[in-house]
$ cat protein_29.csv   # CSV, C-alpha atoms
chain,number,residue,atom,x,y,z
A,16,MET,CA,0.5,11.4,9.2
A,17,PRO,CA,-1.5,14.3,10.6
A,18,GLY,CA,-4.6,13.7,12.6
A,19,ALA,CA,-4.0,10.1,13.7
A,20,ARG,CA,-1.8,8.3,16.3
A,21,PRO,CA,0.0,5.5,14.5
A,22,VAL,CA,0.2,2.1,16.3
A,23,ALA,CA,3.5,2.4,18.3
A,24,ALA,CA,4.7,4.9,15.7
A,25,ALA,CA,6.1,1.9,13.8
A,26,LEU,CA,3.2,1.0,11.5
A,27,VAL,CA,2.7,4.2,9.6
A,28,VAL,CA,4.2,2.5,6.6
A,29,ALA,CA,1.1,0.4,5.9
A,30,CYS,CA,-0.8,3.6,5.0
A,31,ALA,CA,1.9,6.1,4.4
A,32,LEU,CA,1.0,7.2,0.9
A,33,LEU,CA,-1.9,9.4,1.8
A,34,VAL,CA,-0.3,12.1,3.9
A,35,ALA,CA,-0.7,15.3,2.0
A,36,ALA,CA,-3.3,18.0,2.1
A,37,CYS,CA,-6.2,17.6,-0.3
A,38,GLY,CA,-5.8,21.3,-1.4
A,39,PHE,CA,-3.1,20.2,-3.9
A,40,GLU,CA,-5.5,18.1,-5.9
A,41,SER,CA,-6.4,21.1,-8.0
A,42,ASP,CA,-3.0,20.8,-9.7
A,43,PHE,CA,-3.7,17.2,-10.9
A,44,ASP,CA,-5.4,15.9,-14.0
A,45,ASP,CA,-8.7,14.2,-14.0
A,46,PRO,CA,-8.4,10.6,-12.7
A,47,GLU,CA,-8.2,7.6,-14.9
A,48,SER,CA,-7.4,3.9,-14.5
A,49,PRO,CA,-3.6,3.2,-14.2
A,50,VAL,CA,-4.2,-0.6,-14.9
A,51,SER,CA,-2.9,-1.8,-18.2
A,52,GLN,CA,-1.6,-5.3,-17.4
A,53,ILE,CA,-1.7,-7.9,-14.6
A,54,PRO,CA,1.9,-9.2,-14.8
A,55,TRP,CA,2.2,-11.2,-11.5
A,56,PRO,CA,1.5,-15.0,-11.2
A,57,ASP,CA,-1.5,-16.5,-9.4
A,58,PHE,CA,0.8,-17.0,-6.4
A,59,GLU,CA,3.8,-14.9,-5.3
A,60,ARG,CA,5.5,-14.0,-2.1
A,61,LEU,CA,8.1,-11.2,-2.1
A,62,HIS,CA,10.3,-10.6,1.0
A,63,TYR,CA,11.7,-7.2,1.8
A,64,ASP,CA,14.1,-5.7,4.4
A,65,TRP,CA,12.7,-2.6,6.1
A,66,LEU,CA,15.5,-0.1,6.4
A,67,ASP,CA,15.9,3.4,7.8
A,68,GLN,CA,17.9,6.3,6.3
A,69,THR,CA,21.2,4.9,7.8
A,70,ASP,CA,20.6,1.4,6.3
A,71,GLU,CA,19.8,0.0,9.7
A,72,LYS,CA,17.3,-2.9,9.5
A,73,LEU,CA,14.1,-2.1,11.3
A,74,GLY,CA,12.1,-5.1,10.4
A,75,THR,CA,10.7,-7.1,7.5
A,76,VAL,CA,7.8,-6.8,5.0
A,77,VAL,CA,6.2,-9.6,3.0
A,78,MET,CA,4.0,-8.9,0.0
A,79,GLU,CA,1.8,-11.8,-0.9
A,80,THR,CA,-0.4,-12.3,-4.0
A,81,VAL,CA,-3.0,-15.1,-4.2
A,82,ARG,CA,-5.5,-15.6,-6.9
A,83,GLU,CA,-9.0,-16.5,-5.6
A,84,ASP,CA,-11.3,-17.2,-8.7
A,85,ASP,CA,-12.0,-13.7,-10.2
A,86,ARG,CA,-10.2,-11.7,-7.5
A,87,TYR,CA,-6.8,-11.4,-6.0
A,88,ARG,CA,-6.0,-11.4,-2.3
A,89,LEU,CA,-3.1,-8.9,-1.8
A,90,SER,CA,-1.4,-8.9,1.6
A,91,LEU,CA,1.2,-6.7,3.3
A,92,MET,CA,2.8,-8.2,6.4
A,93,PHE,CA,5.0,-5.9,8.5
A,94,SER,CA,6.9,-7.2,11.5
A,95,ARG,CA,9.4,-5.5,13.8
A,96,GLU,CA,11.1,-6.1,17.2
A,97,THR,CA,11.2,-3.1,19.5
A,98,ALA,CA,12.6,-2.5,23.0
A,99,ASP,CA,9.0,-2.7,24.3
A,100,GLY,CA,8.1,-5.9,22.4
A,101,PRO,CA,7.1,-7.1,18.9
A,102,VAL,CA,5.1,-5.1,16.5
A,103,ALA,CA,3.0,-6.8,13.7
A,104,ASP,CA,0.7,-5.4,11.1
A,105,LEU,CA,-1.2,-7.4,8.5
A,106,VAL,CA,-3.1,-5.6,5.7
A,107,THR,CA,-5.2,-7.5,3.2
A,108,VAL,CA,-7.0,-6.1,0.2
A,109,TRP,CA,-9.2,-8.1,-2.2
A,110,VAL,CA,-9.4,-6.6,-5.7
A,111,ASP,CA,-11.0,-7.6,-9.0
A,112,ALA,CA,-8.5,-9.8,-11.0
A,113,GLU,CA,-8.9,-7.7,-14.2
A,114,THR,CA,-9.5,-4.1,-13.1
A,115,MET,CA,-8.0,-4.1,-9.6
A,116,ALA,CA,-11.1,-2.4,-8.4
A,117,PRO,CA,-11.2,-2.8,-4.6
A,118,ILE,CA,-13.7,-5.2,-3.0
A,119,ARG,CA,-12.8,-5.8,0.6
A,120,TYR,CA,-10.2,-4.4,3.1
A,121,GLU,CA,-9.0,-5.8,6.4
A,122,ARG,CA,-6.2,-4.7,8.7
A,123,SER,CA,-5.0,-6.0,12.0
A,124,ALA,CA,-2.1,-4.3,13.8
A,125,ASP,CA,-0.7,-5.0,17.3
A,126,ALA,CA,2.0,-3.3,19.3
A,127,PRO,CA,2.9,-3.3,23.0
A,128,ASP,CA,0.9,-0.1,23.7
A,129,GLU,CA,-1.9,-0.1,21.1
A,130,SER,CA,-3.8,-2.2,18.6
A,131,LEU,CA,-5.9,-1.5,15.6
A,132,GLN,CA,-8.6,-3.3,13.7
A,133,ALA,CA,-10.0,-1.9,10.5
A,134,GLU,CA,-12.2,-3.2,7.7
A,135,ALA,CA,-14.1,-1.9,4.7
A,136,ASP,CA,-16.5,-3.2,2.1
A,137,TYR,CA,-16.3,-1.4,-1.2
A,138,ARG,CA,-19.2,-1.0,-3.6
A,139,LEU,CA,-19.6,0.3,-7.2
A,140,ASN,CA,-22.5,2.8,-7.3
A,141,ARG,CA,-24.8,3.3,-10.3
A,142,ASP,CA,-23.1,6.4,-11.4
A,143,GLY,CA,-19.7,4.6,-11.6
A,144,THR,CA,-18.3,6.0,-8.4
A,145,ILE,CA,-16.7,3.9,-5.6
A,146,SER,CA,-17.8,4.0,-2.0
A,147,ALA,CA,-16.4,2.3,1.1
A,148,ASP,CA,-18.3,1.4,4.3
A,149,VAL,CA,-15.5,1.6,6.9
A,150,SER,CA,-15.1,0.5,10.5
A,151,VAL,CA,-12.0,1.2,12.6
A,152,VAL,CA,-11.3,0.2,16.2
A,153,ARG,CA,-8.3,1.5,18.1
A,154,THR,CA,-7.4,0.1,21.5
A,155,ASP,CA,-5.0,2.0,23.8
A,156,LYS,CA,-3.5,-0.8,26.0
A,157,GLU,CA,-2.0,1.8,28.5
A,158,GLU,CA,-5.3,3.6,29.2
A,159,ASP,CA,-7.0,2.6,32.5
A,160,ASP,CA,-10.3,4.2,31.7
A,161,GLU,CA,-12.4,1.6,29.9
A,162,GLU,CA,-14.5,4.2,28.0
A,163,LYS,CA,-11.3,5.9,26.7
A,164,ARG,CA,-9.5,2.7,26.1
A,165,THR,CA,-11.3,1.8,22.8
A,166,LYS,CA,-12.2,4.3,20.1
A,167,ARG,CA,-14.6,3.2,17.3
A,168,ILE,CA,-15.3,4.9,14.0
A,169,THR,CA,-17.9,3.9,11.4
A,170,GLU,CA,-18.1,6.0,8.3
A,171,THR,CA,-18.8,5.8,4.6
A,172,VAL,CA,-16.2,7.2,2.2
A,173,ASP,CA,-17.4,8.4,-1.2
A,174,ALA,CA,-14.3,8.2,-3.3
A,175,GLY,CA,-15.5,9.1,-6.8
A,176,VAL,CA,-14.4,7.4,-10.1
A,177,TYR,CA,-11.2,5.4,-10.7
A,178,ALA,CA,-10.7,4.9,-7.0
A,179,PHE,CA,-8.3,2.2,-5.7
A,180,ASP,CA,-7.3,1.1,-2.2
A,181,ASN,CA,-4.2,2.8,-0.9
A,182,ASP,CA,-2.7,-0.4,0.4
A,183,SER,CA,-2.8,-1.9,-3.1
A,184,SER,CA,-0.5,0.8,-4.4
A,185,ALA,CA,2.6,-1.5,-4.8
A,186,TRP,CA,0.5,-3.7,-7.1
A,187,LEU,CA,-1.3,-0.9,-8.8
A,188,TRP,CA,1.9,0.8,-10.0
A,189,ARG,CA,3.2,-2.6,-11.1
A,190,SER,CA,0.3,-2.8,-13.5
A,191,LEU,CA,1.3,0.4,-15.3
A,192,ALA,CA,2.1,0.5,-19.1
A,193,PHE,CA,5.8,1.1,-18.4
A,194,MET,CA,7.2,3.7,-20.8
A,195,GLN,CA,9.3,6.8,-20.5
A,196,ASP,CA,7.4,9.8,-19.1
A,197,LEU,CA,4.1,8.0,-18.7
A,198,GLU,CA,2.1,10.2,-16.3
A,199,LEU,CA,-1.5,9.9,-15.0
A,200,THR,CA,-3.7,10.5,-12.0
A,201,TYR,CA,-6.0,8.2,-10.1
A,202,ARG,CA,-7.9,8.4,-6.8
A,203,SER,CA,-6.7,6.5,-3.7
A,204,VAL,CA,-8.7,5.5,-0.6
A,205,ASN,CA,-7.2,5.3,2.8
A,206,VAL,CA,-9.5,3.2,5.0
A,207,VAL,CA,-7.8,3.8,8.3
A,208,HIS,CA,-8.1,7.6,7.9
A,209,GLN,CA,-11.5,7.5,6.2
A,210,ARG,CA,-10.4,9.7,3.3
A,211,SER,CA,-9.5,9.7,-0.4
A,212,GLN,CA,-7.4,11.9,-2.6
A,213,LEU,CA,-5.9,12.1,-6.0
A,214,VAL,CA,-2.5,10.6,-6.6
A,215,GLN,CA,-0.3,11.5,-9.6
A,216,VAL,CA,2.0,8.7,-10.7
A,217,ALA,CA,4.7,8.9,-13.3
A,218,VAL,CA,7.5,6.8,-14.9
A,219,ARG,CA,10.8,8.7,-14.7
A,220,GLY,CA,13.3,6.6,-16.5
A,221,GLN,CA,15.5,3.6,-15.9
A,222,ASP,CA,18.1,2.7,-13.3
A,223,THR,CA,20.2,-0.3,-12.2
A,224,LEU,CA,19.7,-1.6,-8.7
A,225,ARG,CA,20.9,-4.7,-6.8
A,226,GLY,CA,18.3,-7.4,-6.7
A,227,PRO,CA,18.3,-10.8,-4.8
A,228,ASP,CA,20.2,-12.4,-7.7
A,229,GLY,CA,22.4,-9.6,-8.9
A,230,ASP,CA,22.0,-6.3,-10.7
A,231,VAL,CA,18.6,-5.5,-12.2
A,232,VAL,CA,17.5,-2.8,-14.7
A,233,VAL,CA,14.4,-1.1,-13.4
A,234,TRP,CA,11.9,1.6,-14.1
A,235,GLN,CA,11.6,4.3,-11.5
A,236,VAL,CA,8.0,5.2,-10.6
A,237,VAL,CA,7.3,8.4,-8.7
A,238,ALA,CA,3.9,8.8,-6.9
A,239,THR,CA,2.9,12.2,-5.7
A,240,PRO,CA,-0.1,12.7,-3.4
A,241,GLY,CA,0.0,16.5,-2.8
A,242,VAL,CA,3.5,17.6,-1.8
A,243,GLU,CA,4.8,14.2,-0.7
A,244,VAL,CA,6.8,11.9,-3.0
A,245,SER,CA,7.1,8.1,-2.9
A,246,ARG,CA,9.5,6.4,-5.3
A,247,ALA,CA,9.4,2.7,-6.4
A,248,TRP,CA,11.6,0.7,-8.8
A,249,TYR,CA,10.2,-2.1,-10.8
A,250,GLU,CA,12.0,-4.6,-13.1
A,251,ILE,CA,11.7,-3.5,-16.7
A,252,ASP,CA,10.9,-7.1,-17.8
A,253,PRO,CA,7.7,-9.0,-16.7
A,254,PRO,CA,6.6,-9.8,-14.1
A,255,HIS,CA,7.9,-6.3,-13.1
A,256,ARG,CA,8.6,-7.2,-9.5
A,257,LEU,CA,9.1,-4.4,-7.1
A,258,ILE,CA,12.8,-4.2,-6.3
A,259,ARG,CA,12.9,-1.2,-4.0
A,260,TRP,CA,10.4,1.3,-2.5
A,261,ASP,CA,11.4,4.5,-0.8
A,262,GLN,CA,9.0,6.2,1.6
A,263,GLN,CA,11.4,8.6,3.4
A,264,PRO,CA,12.8,8.1,6.0
A,265,ARG,CA,12.2,4.4,5.4
A,266,ARG,CA,12.7,2.1,2.4
A,267,PHE,CA,12.0,-1.5,1.5
A,268,VAL,CA,14.5,-3.7,-0.5
A,269,LEU,CA,13.7,-7.0,-2.1
A,270,THR,CA,15.6,-9.9,-0.6
A,271,ARG,CA,13.8,-13.1,-1.7
A,272,VAL,CA,11.1,-14.3,-4.1
A,273,GLU,CA,8.8,-17.3,-3.7
A,274,THR,CA,6.5,-18.4,-6.6
A,275,GLU,CA,5.2,-21.7,-5.1
A,276,PRO,CA,2.8,-21.9,-2.1

$ encode --input "protein_29.csv" --output "structure tokens"
Amino acid sequence: MPGARPVAAALVVACALLVAACGFESDFDDPESPVSQIPWPDFERLHYDWLDQTDEKLGTVVMETVREDDRYRLSLMFSRETADGPVADLVTVWVDAETMAPIRYERSADAPDESLQAEADYRLNRDGTISADVSVVRTDKEEDDEEKRTKRITETVDAGVYAFDNDSSAWLWRSLAFMQDLELTYRSVNVVHQRSQLVQVAVRGQDTLRGPDGDVVVWQVVATPGVEVSRAWYEIDPPHRLIRWDQQPRRFVLTRVETEP
């Protein structure tokens, strides 16, 4: 992830989608909304093992969905034990319950050598574009100089039309109208890096994967921000749960499902 030091190098996954140069955007179609359905229940908690390329378990990830009146609270909770101590990262995005338009973003990450706090308030402008007022605070726990210890950034990101929060990606792709060779483009906002870019997402056929309760037939979804590729596999039947997500060299595999608070 160029241009930013990740918290303990372990928490890049929470905003790993936006890593490519914006110059490749010229090859993408005009953005549109990818949302065609909201298949998940009002409450859901999905548990994932976080694996490396050798299948070694690095940690766990929990994706939680909670309906709050006319919005959803979407949370990603990453946890990992390292030789230096525990690493934890909590990302929460509030989105409109029908359109998934972003409303509010919060992130709190803590590692033995660094911590990060980020927040953003999204707004819909009169011309239909989306903007985000962003605040990011990074604290270097190993820095003795108090002035250098904490770095603060406050910025407004003007994202354009059909813009969605990057950390809602797992839900956004789950809302696609799944069909062979579906392909479209939308704009994704990365709060921590104060930037947005176009993402091309496509449905590339069906596979069979192992789920928590046995084999599952899934749609493969390929997301391409620039030259990078992220692959995700969703159940072909509603509620289209995410079974596996590959962000090389890491991947996430569904191990348990909760549907009651």

$ residues_around --input "protein_29.csv" --residues "A:Trp188" --least-positions-apart "5" --cutoff "8 Å" --atoms "only C-alpha atoms" --output "PyMOL selection string"
chain A and resi 49-50+216+236

$ write_last_selection --input "protein_29.csv" --atoms "C-alpha atoms" --output "mmCIF file, in the frame of the given file"
data_model
loop_
_atom_site.group_PDB
_atom_site.id
_atom_site.type_symbol
_atom_site.label_atom_id
_atom_site.label_comp_id
_atom_site.auth_asym_id
_atom_site.auth_seq_id
_atom_site.Cartn_x
_atom_site.Cartn_y
_atom_site.Cartn_z
ATOM 1 C CA PRO A 49 -3.600 3.200 -14.200
ATOM 2 C CA VAL A 50 -4.200 -0.600 -14.900
ATOM 3 C CA VAL A 216 2.000 8.700 -10.700
ATOM 4 C CA VAL A 236 8.000 5.200 -10.600
#

$ closest_residue --input "protein_29.csv" --among "A:Ala112, A:Thr80, A:Asp182, A:Arg189" --to "A:Asp252" --atoms "only C-alpha atoms"
A:Arg189

$ residues_around --input "protein_29.csv" --residues "A:Ile258" --least-positions-apart "4" --cutoff "6 Å" --atoms "only C-alpha atoms" --output "MDAnalysis selection string"
chainID A and resid 248:249 269

$ residues_near_point --input "protein_29.csv" --point "(-12.1, 3.1, 15.4)" --cutoff "12 Å" --atoms "only C-alpha atoms" --output "ChimeraX atom specification"
/A:19-20,122,130-135,149-155,163-170,206-209

$ residues_around --input "protein_29.csv" --residues "A:Asp222" --least-positions-apart "5" --cutoff "10 Å" --atoms "only C-alpha atoms" --output "short mmCIF file (atom, residue, chain, number, x, y, z; two decimals) with C-alpha atoms, in the frame of the given file"
data_model
loop_
_atom_site.label_atom_id
_atom_site.label_comp_id
_atom_site.auth_asym_id
_atom_site.auth_seq_id
_atom_site.Cartn_x
_atom_site.Cartn_y
_atom_site.Cartn_z
CA VAL A 231 18.60 -5.50 -12.20
CA VAL A 232 17.50 -2.80 -14.70
CA VAL A 233 14.40 -1.10 -13.40
CA TRP A 234 11.90 1.60 -14.10
CA GLN A 235 11.60 4.30 -11.50
CA TRP A 248 11.60 0.70 -8.80
CA TYR A 249 10.20 -2.10 -10.80
CA GLU A 250 12.00 -4.60 -13.10
CA ILE A 251 11.70 -3.50 -16.70
#

$ atom_distance --input "protein_29.csv" --atom1 "atom CA of A:Ser245" --atom2 "atom CA of A:Tyr120"
22.2 Å

$ atom_distance --input "protein_29.csv" --atom1 "atom CA of A:Val172" --atom2 "atom CA of A:Ala147"
5.0 Å

$ closest_residue --input "protein_29.csv" --among "A:Pro101, A:Pro253, A:Pro54, A:Pro264" --to "A:Thr75" --atoms "all atoms listed in the file"
A:Pro101

$ residues_near_point --input "protein_29.csv" --point "(19.1, 4.9, 6.7)" --cutoff "12 Å" --atoms "only C-alpha atoms" --output "number ranges by chain"
A: 64-73, 261-267

$ closest_residue --input "protein_29.csv" --among "A:Val272, A:Leu187, A:Glu158, A:Asp128" --to "A:Ala98" --atoms "all atoms listed in the file"
A:Asp128

$ residues_around --input "protein_29.csv" --residues "stretch 89-92 of chain A" --least-positions-apart "3" --cutoff "12 Å" --atoms "all atoms listed in the file" --output "PyMOL selection string"
chain A and resi 26+28-30+55+57-65+74-83+86+95+102-112+115+117-125+180-187

$ atom_distance --input "protein_29.csv" --atom1 "atom CA of A:Arg138" --atom2 "atom CA of A:Asp45"
21.2 Å

$ closest_residue --input "protein_29.csv" --among "A:Glu198, A:Pro227, A:Ala247, A:Pro254" --to "A:Arg271" --atoms "only C-alpha atoms"
A:Pro227
